[in-house]
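What's in target26.txt: compact mmCIF, C-alpha atoms and all ligand atoms
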# COMPACT_ATOMS: atom_id res chain seq x y z
CA MET A 446 11.08 -19.84 -7.42
CA ALA A 447 11.64 -17.19 -4.79
CA ARG A 448 10.26 -17.27 -1.30
CA LEU A 449 11.61 -14.43 0.79
CA ARG A 450 11.67 -14.41 4.55
CA ILE A 451 12.70 -11.31 6.48
CA GLU A 452 13.46 -11.93 10.16
CA ALA A 453 13.60 -9.04 12.66
CA LEU A 454 15.52 -6.87 10.19
CA SER A 455 16.76 -3.53 11.56
CA LYS A 456 18.88 -0.69 10.24
CA SER A 457 20.20 2.33 12.13
CA PHE A 458 22.04 5.23 10.54
CA GLY A 459 23.83 6.87 13.48
CA GLY A 460 20.98 7.84 15.78
CA THR A 461 18.20 7.18 13.22
CA ASP A 462 16.33 3.86 13.40
CA ALA A 463 15.33 3.67 9.72
CA VAL A 464 13.98 0.07 9.92
CA ARG A 465 12.91 -1.49 13.21
CA GLU A 466 12.60 -5.27 13.64
CA VAL A 467 10.68 -5.92 10.42
CA SER A 468 9.59 -9.53 9.87
CA LEU A 469 7.80 -10.54 6.67
CA ASP A 470 7.08 -13.77 4.80
CA ILE A 471 6.75 -13.24 1.06
CA ALA A 472 5.41 -16.29 -0.78
CA ASP A 473 6.65 -17.38 -4.19
CA GLY A 474 4.73 -15.47 -6.88
CA GLU A 475 3.40 -12.77 -4.54
CA PHE A 476 3.17 -9.08 -5.43
CA LEU A 477 3.98 -7.53 -2.08
CA VAL A 478 3.89 -3.75 -1.87
CA LEU A 479 5.87 -1.92 0.84
CA LEU A 480 3.74 1.17 1.40
CA GLY A 481 4.15 4.11 3.73
CA PRO A 482 4.79 7.83 4.04
CA SER A 483 8.08 9.44 3.08
CA GLY A 484 10.93 8.47 5.41
CA CYS A 485 9.21 5.39 6.90
CA GLY A 486 12.08 3.08 5.80
CA LYS A 487 10.65 1.42 2.65
CA SER A 488 13.71 2.04 0.44
CA THR A 489 16.15 1.08 3.19
CA LEU A 490 14.29 -2.22 3.69
CA LEU A 491 14.31 -2.96 -0.06
CA ARG A 492 17.99 -2.01 -0.38
CA MET A 493 18.91 -4.40 2.45
CA ILE A 494 17.05 -7.20 0.65
CA ALA A 495 18.87 -6.30 -2.59
CA GLY A 496 22.22 -6.34 -0.78
CA LEU A 497 22.91 -2.63 -1.31
CA GLU A 498 22.74 -1.83 2.41
CA ASP A 499 24.05 -3.90 5.36
CA PRO A 500 21.47 -4.61 8.08
CA THR A 501 22.31 -3.63 11.66
CA SER A 502 20.63 -6.87 12.80
CA GLY A 503 18.25 -9.56 11.54
CA ARG A 504 18.31 -12.07 8.68
CA ILE A 505 17.14 -12.36 5.06
CA LEU A 506 16.34 -15.82 3.68
CA LEU A 507 15.75 -16.63 0.00
CA ASP A 508 14.13 -20.04 -0.47
CA GLY A 509 15.42 -20.98 2.98
CA ARG A 510 19.03 -19.89 2.23
CA ASP A 511 20.51 -17.17 4.44
CA ILE A 512 21.60 -14.40 2.04
CA THR A 513 22.04 -11.63 4.65
CA THR A 514 25.75 -11.18 3.87
CA GLU A 515 25.79 -12.32 0.21
CA PRO A 516 26.87 -9.71 -2.36
CA PRO A 517 24.01 -8.35 -4.55
CA GLN A 518 25.08 -10.23 -7.70
CA ARG A 519 24.79 -13.58 -5.92
CA ARG A 520 21.20 -13.04 -4.67
CA ASP A 521 19.14 -14.02 -7.73
CA LEU A 522 17.18 -10.77 -7.32
CA ALA A 523 16.79 -7.98 -9.87
CA MET A 524 16.29 -4.37 -8.87
CA VAL A 525 14.40 -1.71 -10.86
CA PHE A 526 15.04 1.86 -9.70
CA GLN A 527 12.93 5.00 -9.97
CA SER A 528 15.72 6.61 -12.04
CA TYR A 529 15.88 3.58 -14.45
CA ALA A 530 19.73 3.78 -14.25
CA LEU A 531 20.21 3.08 -17.98
CA TYR A 532 23.60 3.51 -19.68
CA PRO A 533 23.16 6.55 -21.98
CA HIS A 534 25.91 5.54 -24.44
CA LEU A 535 24.52 2.02 -25.01
CA THR A 536 21.64 1.03 -27.31
CA VAL A 537 18.44 -0.43 -25.88
CA ALA A 538 19.62 -3.94 -26.92
CA LYS A 539 22.99 -3.47 -25.18
CA ASN A 540 21.31 -2.03 -22.07
CA ILE A 541 18.95 -5.00 -21.85
CA GLY A 542 21.74 -7.53 -22.47
CA PHE A 543 24.17 -5.92 -20.01
CA PRO A 544 23.59 -8.30 -17.05
CA LEU A 545 24.17 -11.31 -19.35
CA ARG A 546 27.37 -9.82 -20.82
CA ALA A 547 28.62 -9.18 -17.29
CA ARG A 548 28.05 -12.91 -16.64
CA ARG A 549 29.91 -13.82 -19.86
CA HIS A 550 27.02 -15.51 -21.69
CA SER A 551 27.65 -16.23 -25.37
CA ARG A 552 26.84 -13.56 -27.96
CA ALA A 553 24.16 -15.76 -29.57
CA ALA A 554 22.53 -16.62 -26.24
CA ILE A 555 22.42 -12.92 -25.29
CA ALA A 556 20.90 -11.88 -28.65
CA GLU A 557 18.21 -14.57 -28.43
CA ARG A 558 17.29 -13.71 -24.84
CA VAL A 559 17.27 -9.93 -25.49
CA GLU A 560 14.94 -10.40 -28.46
CA ARG A 561 12.55 -12.56 -26.44
CA VAL A 562 12.35 -10.12 -23.50
CA ALA A 563 12.07 -7.12 -25.86
CA ALA A 564 9.13 -8.80 -27.60
CA THR A 565 7.37 -9.41 -24.28
CA LEU A 566 7.64 -5.71 -23.40
CA GLU A 567 6.95 -4.46 -26.95
CA LEU A 568 10.43 -2.98 -27.29
CA SER A 569 11.50 -4.85 -30.45
CA PRO A 570 11.29 -1.80 -32.79
CA LEU A 571 13.41 0.26 -30.38
CA LEU A 572 16.40 -2.05 -29.89
CA ASP A 573 18.85 0.16 -31.86
CA ARG A 574 17.92 3.44 -30.16
CA ARG A 575 19.76 5.04 -27.28
CA PRO A 576 17.93 5.97 -24.01
CA ALA A 577 17.90 9.71 -24.90
CA ALA A 578 15.62 8.91 -27.87
CA LEU A 579 13.01 7.14 -25.71
CA SER A 580 9.97 8.40 -23.80
CA GLY A 581 9.84 8.02 -19.99
CA GLY A 582 7.53 5.03 -20.29
CA GLN A 583 9.78 3.34 -22.85
CA ARG A 584 12.86 3.90 -20.65
CA GLN A 585 11.01 2.38 -17.75
CA ARG A 586 10.21 -0.70 -19.89
CA VAL A 587 13.89 -1.01 -20.88
CA ALA A 588 14.85 -0.96 -17.18
CA LEU A 589 12.25 -3.70 -16.58
CA ALA A 590 13.55 -5.70 -19.56
CA ARG A 591 17.08 -5.46 -18.19
CA ALA A 592 15.82 -6.85 -14.88
CA MET A 593 13.87 -9.63 -16.64
CA VAL A 594 16.68 -10.77 -18.94
CA ARG A 595 18.40 -12.79 -16.20
CA ASP A 596 15.13 -14.51 -15.29
CA PRO A 597 15.57 -13.67 -11.59
CA GLY A 598 13.59 -15.33 -8.82
CA ALA A 599 12.27 -11.98 -7.60
CA PHE A 600 11.98 -8.39 -8.78
CA LEU A 601 12.66 -5.58 -6.33
CA MET A 602 11.20 -2.26 -7.49
CA ASP A 603 11.69 1.14 -5.87
CA GLU A 604 9.00 3.60 -7.02
CA PRO A 605 9.50 2.63 -10.68
CA LEU A 606 6.49 4.68 -11.87
CA SER A 607 7.09 7.95 -10.06
CA ASN A 608 8.77 9.68 -13.03
CA LEU A 609 5.80 9.02 -15.34
CA ASP A 610 2.85 11.33 -15.94
CA ALA A 611 -0.58 10.33 -14.60
CA LYS A 612 -1.88 8.73 -17.82
CA LEU A 613 1.27 6.71 -18.49
CA ARG A 614 1.46 5.70 -14.86
CA SER A 615 -2.00 4.18 -14.98
CA ALA A 616 -1.20 2.34 -18.25
CA THR A 617 2.10 1.04 -16.82
CA ARG A 618 0.31 -0.12 -13.66
CA ALA A 619 -1.89 -2.32 -15.84
CA GLU A 620 1.21 -3.57 -17.72
CA LEU A 621 2.94 -4.51 -14.48
CA ILE A 622 -0.12 -6.42 -13.26
CA GLY A 623 -0.16 -8.36 -16.56
CA LEU A 624 3.59 -8.95 -16.42
CA HIS A 625 3.40 -10.30 -12.88
CA ARG A 626 0.62 -12.69 -13.93
CA ARG A 627 2.56 -13.90 -16.99
CA LEU A 628 5.93 -14.31 -15.27
CA GLY A 629 4.55 -15.78 -12.04
CA ALA A 630 7.62 -14.25 -10.32
CA THR A 631 7.80 -12.69 -6.87
CA PHE A 632 7.49 -8.89 -6.93
CA LEU A 633 8.51 -6.69 -4.02
CA TYR A 634 7.50 -3.13 -4.80
CA VAL A 635 8.11 0.10 -2.87
CA THR A 636 5.74 3.04 -3.20
CA HIS A 637 4.18 5.82 -1.18
CA ASP A 638 1.23 5.86 -3.63
CA GLN A 639 -1.79 4.10 -2.19
CA VAL A 640 -3.45 3.75 -5.60
CA GLU A 641 -0.46 1.72 -6.87
CA ALA A 642 -0.59 -0.39 -3.72
CA MET A 643 -4.36 -0.98 -3.84
CA THR A 644 -4.44 -1.82 -7.56
CA MET A 645 -1.33 -4.01 -7.91
CA ALA A 646 -0.62 -5.73 -4.60
CA THR A 647 -1.64 -9.23 -3.66
CA ARG A 648 -0.65 -8.07 -0.16
CA ILE A 649 0.42 -4.73 1.31
CA ALA A 650 2.86 -4.19 4.18
CA LEU A 651 2.16 -0.71 5.54
CA LEU A 652 5.20 0.77 7.32
CA ASN A 653 5.11 3.47 9.97
CA ALA A 654 8.35 4.97 11.33
CA GLY A 655 10.42 1.91 10.33
CA ALA A 656 8.04 -0.74 11.70
CA VAL A 657 5.28 -2.79 10.07
CA GLU A 658 1.89 -1.37 11.04
CA GLN A 659 -0.28 -3.95 9.18
CA VAL A 660 0.21 -6.66 6.55
CA GLY A 661 -2.71 -8.00 4.55
CA THR A 662 -4.62 -7.91 1.28
CA PRO A 663 -5.64 -4.44 0.04
CA GLU A 664 -9.22 -5.29 1.07
CA GLU A 665 -8.17 -6.27 4.62
CA LEU A 666 -6.27 -3.03 5.14
CA TYR A 667 -9.05 -0.90 3.68
CA ASP A 668 -12.01 -2.68 5.28
CA ARG A 669 -10.49 -3.61 8.65
CA PRO A 670 -7.63 -1.18 9.38
CA ARG A 671 -5.70 -2.34 12.42
CA SER A 672 -5.12 1.19 13.72
CA THR A 673 -5.98 4.83 13.21
CA PHE A 674 -2.68 5.15 11.29
CA VAL A 675 -3.81 2.59 8.68
CA ALA A 676 -7.33 4.06 8.60
CA GLY A 677 -5.93 7.54 8.04
CA PHE A 678 -3.35 6.49 5.43
CA LEU A 679 -5.53 4.47 3.04
CA GLY A 680 -8.43 6.09 1.22
CA SER A 681 -8.65 9.35 -0.64
CA PRO A 682 -9.87 11.32 1.17
CA PRO A 683 -8.98 9.17 4.20
CA MET A 684 -11.38 7.82 6.79
CA ASN A 685 -13.07 10.46 8.97
CA LEU A 686 -11.77 9.94 12.53
CA PHE A 687 -13.23 11.75 15.54
CA PRO A 688 -13.43 11.34 19.33
CA ALA A 689 -16.73 9.79 20.49
CA VAL A 690 -18.32 7.80 23.28
CA VAL A 691 -19.93 4.36 23.05
CA HIS A 692 -22.89 3.75 25.32
CA SER A 693 -25.91 1.44 25.74
CA ARG A 694 -29.36 2.82 25.00
CA ASP A 695 -32.75 1.20 24.35
CA GLY A 696 -31.23 -2.28 24.45
CA GLY A 697 -28.56 -1.48 21.83
CA LEU A 698 -25.22 0.22 21.60
CA ARG A 699 -24.70 3.61 20.05
CA VAL A 700 -21.71 5.78 19.21
CA ARG A 701 -22.22 9.40 20.10
CA ALA A 702 -20.39 12.67 19.55
CA ASP A 703 -21.57 16.22 18.94
CA GLY A 704 -23.84 15.91 15.87
CA VAL A 705 -23.40 12.09 15.70
CA ASP A 706 -25.69 9.41 17.13
CA ALA A 707 -25.37 6.13 15.24
CA ALA A 708 -26.39 2.57 16.11
CA LEU A 709 -23.66 -0.08 16.36
CA PRO A 710 -23.96 -3.79 15.49
CA ILE A 711 -22.53 -4.78 18.85
CA ALA A 712 -23.85 -7.21 21.47
CA ASP A 713 -21.56 -6.12 24.31
CA ARG A 714 -22.84 -3.82 27.03
CA VAL A 715 -20.71 -0.74 27.55
CA ASP A 716 -21.23 2.41 29.55
CA ASP A 717 -19.68 5.60 28.27
CA GLN A 718 -16.47 4.20 26.85
CA PRO A 719 -14.37 6.83 25.04
CA VAL A 720 -13.31 5.77 21.53
CA ILE A 721 -12.05 7.18 18.26
CA ALA A 722 -14.84 6.55 15.77
CA GLY A 723 -14.15 6.18 12.05
CA ILE A 724 -16.43 6.44 8.99
CA ARG A 725 -15.21 6.38 5.40
CA PRO A 726 -16.40 9.33 3.24
CA GLU A 727 -18.28 6.99 0.86
CA GLN A 728 -20.19 5.47 3.80
CA LEU A 729 -21.84 8.76 4.76
CA ARG A 730 -25.07 8.52 2.74
CA LEU A 731 -26.78 11.81 2.10
CA ASP A 732 -30.26 11.87 3.65
CA PRO A 733 -32.04 15.15 4.41
CA ASP A 734 -33.95 13.47 7.25
CA GLY A 735 -31.03 11.25 8.31
CA GLY A 736 -30.38 11.55 12.01
CA ALA A 737 -27.16 9.57 12.45
CA VAL A 738 -24.92 12.49 11.48
CA ARG A 739 -26.12 16.07 11.27
CA GLY A 740 -24.12 19.18 10.48
CA ARG A 741 -23.62 22.20 8.24
CA VAL A 742 -21.99 22.19 4.81
CA THR A 743 -18.73 24.20 4.76
CA MET A 744 -17.38 23.31 1.30
CA VAL A 745 -18.27 21.29 -1.81
CA GLU A 746 -15.46 20.00 -4.09
CA ASN A 747 -16.33 18.94 -7.62
CA LEU A 748 -14.35 15.86 -8.74
CA GLY A 749 -16.23 15.42 -12.01
CA SER A 750 -18.29 12.28 -11.43
CA GLU A 751 -18.43 12.81 -7.67
CA GLU A 752 -18.45 15.55 -5.08
CA LEU A 753 -16.68 15.84 -1.76
CA VAL A 754 -19.01 17.48 0.74
CA HIS A 755 -17.26 18.90 3.82
CA VAL A 756 -19.54 19.18 6.82
CA GLU A 757 -19.02 20.80 10.18
CA VAL A 758 -20.32 18.30 12.73
CA GLY A 759 -19.94 19.53 16.32
CA ALA A 760 -16.25 20.23 16.88
CA THR A 761 -15.06 18.23 13.85
CA THR A 762 -15.31 18.48 10.09
CA LEU A 763 -16.33 15.28 8.28
CA CYS A 764 -15.99 14.63 4.57
CA ALA A 765 -18.64 12.76 2.55
CA ARG A 766 -18.20 11.45 -0.99
CA ALA A 767 -21.31 11.34 -3.14
CA PRO A 768 -22.26 11.08 -6.83
CA ARG A 769 -22.56 14.50 -8.46
CA PRO A 770 -24.74 16.49 -8.06
CA ALA A 771 -25.08 15.67 -4.38
CA GLY A 772 -27.45 18.62 -3.86
CA ALA A 773 -25.46 20.01 -0.93
CA ARG A 774 -25.20 23.80 -0.58
CA VAL A 775 -22.59 25.65 1.46
CA GLY A 776 -24.02 27.04 4.72
CA GLU A 777 -27.09 24.78 4.75
CA PRO A 778 -27.82 22.01 7.26
CA ILE A 779 -27.39 18.44 6.04
CA GLY A 780 -27.97 14.90 7.34
CA PHE A 781 -26.42 11.50 6.68
CA ARG A 782 -27.41 7.89 7.19
CA VAL A 783 -24.68 5.58 8.39
CA ASP A 784 -24.65 1.82 7.92
CA PRO A 785 -23.69 0.58 11.41
CA ALA A 786 -21.52 -2.14 9.84
CA HIS A 787 -19.27 0.60 8.46
CA VAL A 788 -18.52 2.36 11.71
CA HIS A 789 -14.95 1.60 12.90
CA LEU A 790 -13.90 2.00 16.52
CA PHE A 791 -10.37 2.51 17.85
CA ASP A 792 -8.79 2.81 21.27
CA PRO A 793 -8.10 6.51 21.96
CA ASP A 794 -4.78 5.78 23.74
CA SER A 795 -3.14 3.09 21.57
CA GLY A 796 -4.97 3.92 18.32
CA LEU A 797 -5.60 0.18 17.85
CA ARG A 798 -8.83 -1.21 16.41
CA LEU A 799 -11.40 -2.35 18.98
CA THR A 800 -13.16 -5.68 18.53
CA TRP A 801 -16.62 -6.33 19.82
CA ARG A 802 -19.08 -9.17 19.86
CA ALA A 803 -21.54 -8.96 16.99
CA PRO A 804 -25.22 -9.61 17.89
CA SER A 805 -25.08 -12.82 15.83
CA ASP A 806 -22.30 -14.30 18.00
CA THR A 807 -23.77 -17.31 19.81
CA ALA A 808 -21.85 -16.87 23.08
CA ALA A 809 -23.80 -14.70 25.49
CA PRO A 810 -21.81 -11.63 26.47
CA GLU A 811 -20.26 -11.72 29.92
CA PRO A 812 -21.48 -8.51 31.52
CA ASP A 813 -18.25 -8.05 33.47
CA ALA A 814 -15.98 -8.82 30.54
CA ALA A 815 -17.83 -6.71 28.08
CA ARG A 816 -15.26 -4.02 27.52
CA ALA A 817 -13.88 -3.66 24.06
CA VAL A 818 -10.36 -4.96 23.62
CA PRO A 819 -7.80 -3.84 21.07
CA VAL A 820 -6.91 -6.40 18.42
CA PRO A 821 -3.49 -7.85 19.29
P1 LIG B 1 10.89 8.04 0.61
O1 LIG B 1 9.52 7.57 0.22
O2 LIG B 1 10.95 9.51 0.89
O3 LIG B 1 11.99 7.57 -0.31
P2 LIG B 1 11.44 5.87 2.49
O4 LIG B 1 10.24 5.37 3.21
O5 LIG B 1 11.95 5.06 1.36
O6 LIG B 1 11.21 7.39 2.07
P3 LIG B 1 14.10 5.66 3.54
O7 LIG B 1 14.75 6.30 2.36
O8 LIG B 1 14.26 4.22 3.71
O9 LIG B 1 12.57 6.04 3.61
O10 LIG B 1 14.65 6.41 4.83
C1 LIG B 1 14.28 6.04 6.15
C2 LIG B 1 14.98 6.93 7.17
O11 LIG B 1 16.39 6.66 7.15
C3 LIG B 1 14.84 8.42 6.89
O12 LIG B 1 14.75 9.09 8.12
C4 LIG B 1 16.14 8.76 6.18
O13 LIG B 1 16.48 10.11 6.40
C5 LIG B 1 17.13 7.83 6.85
N1 LIG B 1 18.24 7.43 5.94
C6 LIG B 1 18.12 6.75 4.78
N2 LIG B 1 19.32 6.54 4.21
C7 LIG B 1 20.23 7.12 5.03
C8 LIG B 1 21.66 7.26 5.02
N3 LIG B 1 22.39 6.74 4.05
N4 LIG B 1 22.23 7.94 6.06
C9 LIG B 1 21.51 8.45 7.07
N5 LIG B 1 20.16 8.35 7.14
C10 LIG B 1 19.53 7.70 6.16

Can I see the file as structure tokens?
Ligand code: ATP
Amino acid sequence: MARLRIEALSKSFGGTDAVREVSLDIADGEFLVLLGPSGCGKSTLLRMIAGLEDPTSGRILLDGRDITTEPPQRRDLAMVFQSYALYPHLTVAKNIGFPLRARRHSRAAIAERVERVAATLELSPLLDRRPAALSGGQRQRVALARAMVRDPGAFLMDEPLSNLDAKLRSATRAELIGLHRRLGATFLYVTHDQVEAMTMATRIALLNAGAVEQVGTPEELYDRPRSTFVAGFLGSPPMNLFPAVVHSRDGGLRVRADGVDAALPIADRVDDQPVIAGIRPEQLRLDPDGGAVRGRVTMVENLGSEELVHVEVGATTLCARAPRPAGARVGEPIGFRVDPAHVHLFDPDSGLRLTWRAPSDTAAPEPDAARAVPVP
């Protein structure tokens, strides 16, 4: 059992606010990923939870118990580092059993537990080797086994896959998902890799400059980004964002920019409201006669099964993702259809997502109160 509650946690290093008032509730058995660009405070936040860094202010609660000032060994949390931190002179078995020896468990109890954990992670044939004779993936599994051997309430992981090559990383991602399901333990996992976050997390907390920008399931963050920062961070390539104007025409609302004129599923009446419009690359559907977005192809990138088509549209360049061959040729005009449900709108000043009344909403729009409002 491990329910973690972080309350207004902050950390300053001299003049640098590395973590700013972060509050999070992590349920027992969750796989919460702390995601964000380099330097946003992910590692500092995890290290404070592990007890390796003292917070400047705020509290950390584990199953309701305040552990903010407890030493790391008394927290019932196990940490797995990017560097694995294995002892080179000890065998795999001794490395895995180390936390139990430090707690003076009996020799027989340690041997039994090490064998069980090694079997779970398919390390049994390697127990007599030393770390230097293991591959990167095997070392990473030993580090995991050493964390598991104590049966901790929660696992704290700081970029544990970043030293692995692409193929092994994808295989280890699948292993970690399976391990989390089998153990039913709480996982708190730091990464800057959105693919790791999207594939493994039950929820993602996206950090920006030390503060939480959005917390939610991978689908919530991808489908309803709370801000232009979230929209621009998730997705590869990220969402196309460009300045536009929303206005009423022919009884409906449309979003318009140079080369863009798309309908919106919105019941509110608005006159010439400036917005930042967003469309994901996979939502730009190639259509030679499509009128919603029109431009000129500047570059085509071949990804194997798909192509990225870069298109100059007015003053901006948009990117579309389409199955290969998309049939786009550099220098030629091109058109796209846009499903109105997939157009995102953000406030140009705050960058926050704008909410509007959908046509299906029963309440009749109040003409005077019909301006879009940012989501709180
Ligand atoms: P990365 O993905 O690059 O590891 P991160 O999101 O984990 O980045 P942190 O390592 O938590 O970021 O660092 C957050 C900020 O705090 C950075 O500006 C960093 O330079 C600063 N920082 C971290 N540790 C210290 C320290 N011991 N002394 C001074 N500044 C620090």

#### Entry: Protein and nucleic acid residues within 10 Å of ligand LIG 1 (chain B) (only C-alpha atoms and all ligand atoms) as an MDAnalysis selection string
chainID A and resid 456:464 479:493 498 603:604 635:638 652:655

### Shell of 7 Å around Leu679 of chain A, only C-alpha atoms, local chain residues under 4 positions omitted, as a list in words
Gln639, Tyr667, Val675 and Pro683 of chain A

### Query
Taking into account only C-alpha atoms, which residue in the set A:Leu568, A:Arg546, A:Ala447, A:Pro576 is nearest to Tyr532 of chain A?
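Among A:Leu568, A:Arg546, A:Ala447, A:Pro576, it is A:Pro576 that comes nearest to Tyr532 of chain A.
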
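Minimum distance to Asp511 of chain A across A:Arg450, A:His534, A:Arg465, A:Arg595 (counting all atoms listed in the file) occurs at A:Arg450.
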
### Query
Which residue gives the smallest distance to Met684 of chain A among A:Ile721, A:Ile555, A:Ala530, A:Ala619, with only C-alpha atoms counted?
A:Ile721

### Task
Work out how far apart atom CA of Ser615 of chain A and atom CA of Val745 of chain A are and give it in Å to one decimal.
27.0 Å

When you look at Ala676 of chain A with a cut-off of 12 Å (counting all atoms listed in the file), what residues show up, excluding the ones that are within fewer than 5 positions of it in the same chain? I need them as a compact mmCIF listing (two decimals) with C-alpha atoms, in the frame of the given file.
# COMPACT_ATOMS: atom_id res chain seq x y z
CA LEU A 651 2.16 -0.71 5.54
CA GLU A 658 1.89 -1.37 11.04
CA GLN A 659 -0.28 -3.95 9.18
CA GLU A 665 -8.17 -6.27 4.62
CA LEU A 666 -6.27 -3.03 5.14
CA TYR A 667 -9.05 -0.90 3.68
CA ASP A 668 -12.01 -2.68 5.28
CA ARG A 669 -10.49 -3.61 8.65
CA PRO A 670 -7.63 -1.18 9.38
CA ARG A 671 -5.70 -2.34 12.42
CA SER A 681 -8.65 9.35 -0.64
CA PRO A 682 -9.87 11.32 1.17
CA PRO A 683 -8.98 9.17 4.20
CA MET A 684 -11.38 7.82 6.79
CA ASN A 685 -13.07 10.46 8.97
CA LEU A 686 -11.77 9.94 12.53
CA PHE A 687 -13.23 11.75 15.54
CA ILE A 721 -12.05 7.18 18.26
CA ALA A 722 -14.84 6.55 15.77
CA GLY A 723 -14.15 6.18 12.05
CA ILE A 724 -16.43 6.44 8.99
CA ARG A 725 -15.21 6.38 5.40
CA PRO A 726 -16.40 9.33 3.24
CA VAL A 788 -18.52 2.36 11.71
CA HIS A 789 -14.95 1.60 12.90
CA LEU A 790 -13.90 2.00 16.52
CA PHE A 791 -10.37 2.51 17.85
CA GLY A 796 -4.97 3.92 18.32
CA LEU A 797 -5.60 0.18 17.85
CA ARG A 798 -8.83 -1.21 16.41

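We find atom CA of Pro785 of chain A and atom CA of Thr662 of chain A to be spaced 23.2 Å apart.
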
#### Entry: For segment 623-627 of chain A: contacts at 10 Å, only C-alpha atoms, fewer than 3 positions along chain excluded, given as a list in words
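Here the answer would be Gly474, Glu475, Phe476, Thr565, Leu566, Phe600, Thr617, Arg618, Ala619, Glu620, Ala630, Thr631, Phe632 and Met645 of chain A.
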
### Query
Distance atom CA of Val754 of chain A-atom CA of Arg614 of chain A, one decimal place?
28.3 Å

### Query
Between A:His692, A:His787, A:Arg561, A:His755, which one has atoms that come closest to Asp596 of chain A, using all atoms listed in the file?
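Nearest to Asp596 of chain A: A:Arg561.
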
Could you extract segment 478-482 of chain A of the given structure into a file holding all heavy atoms, as a short mmCIF file (atom, residue, chain, number, x, y, z; two decimals), in the first residue's frame?
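What landed in result.cif:
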data_model
loop_
_atom_site.label_atom_id
_atom_site.label_comp_id
_atom_site.auth_asym_id
_atom_site.auth_seq_id
_atom_site.Cartn_x
_atom_site.Cartn_y
_atom_site.Cartn_z
N VAL A 478 3.61 9.40 -14.20
CA VAL A 478 4.84 9.85 -14.86
C VAL A 478 4.99 11.36 -14.69
O VAL A 478 4.06 12.12 -14.99
CB VAL A 478 4.83 9.47 -16.36
CG1 VAL A 478 6.00 10.13 -17.08
CG2 VAL A 478 4.90 7.96 -16.53
N LEU A 479 6.15 11.78 -14.17
CA LEU A 479 6.50 13.21 -14.13
C LEU A 479 7.22 13.50 -15.43
O LEU A 479 8.33 13.00 -15.65
CB LEU A 479 7.41 13.51 -12.94
CG LEU A 479 6.81 13.28 -11.55
CD1 LEU A 479 7.91 13.41 -10.49
CD2 LEU A 479 5.69 14.25 -11.27
N LEU A 480 6.59 14.30 -16.27
CA LEU A 480 7.11 14.55 -17.62
C LEU A 480 7.41 16.03 -17.77
O LEU A 480 6.72 16.87 -17.18
CB LEU A 480 6.04 14.12 -18.65
CG LEU A 480 6.33 14.35 -20.12
CD1 LEU A 480 7.45 13.45 -20.62
CD2 LEU A 480 5.06 14.10 -20.97
N GLY A 481 8.41 16.35 -18.57
CA GLY A 481 8.68 17.76 -18.85
C GLY A 481 10.04 17.93 -19.46
O GLY A 481 10.87 17.02 -19.44
N PRO A 482 10.29 19.13 -20.00
CA PRO A 482 11.58 19.38 -20.66
C PRO A 482 12.73 19.39 -19.66
O PRO A 482 12.50 19.48 -18.44
CB PRO A 482 11.39 20.76 -21.29
CG PRO A 482 10.30 21.40 -20.53
CD PRO A 482 9.43 20.30 -20.01
#
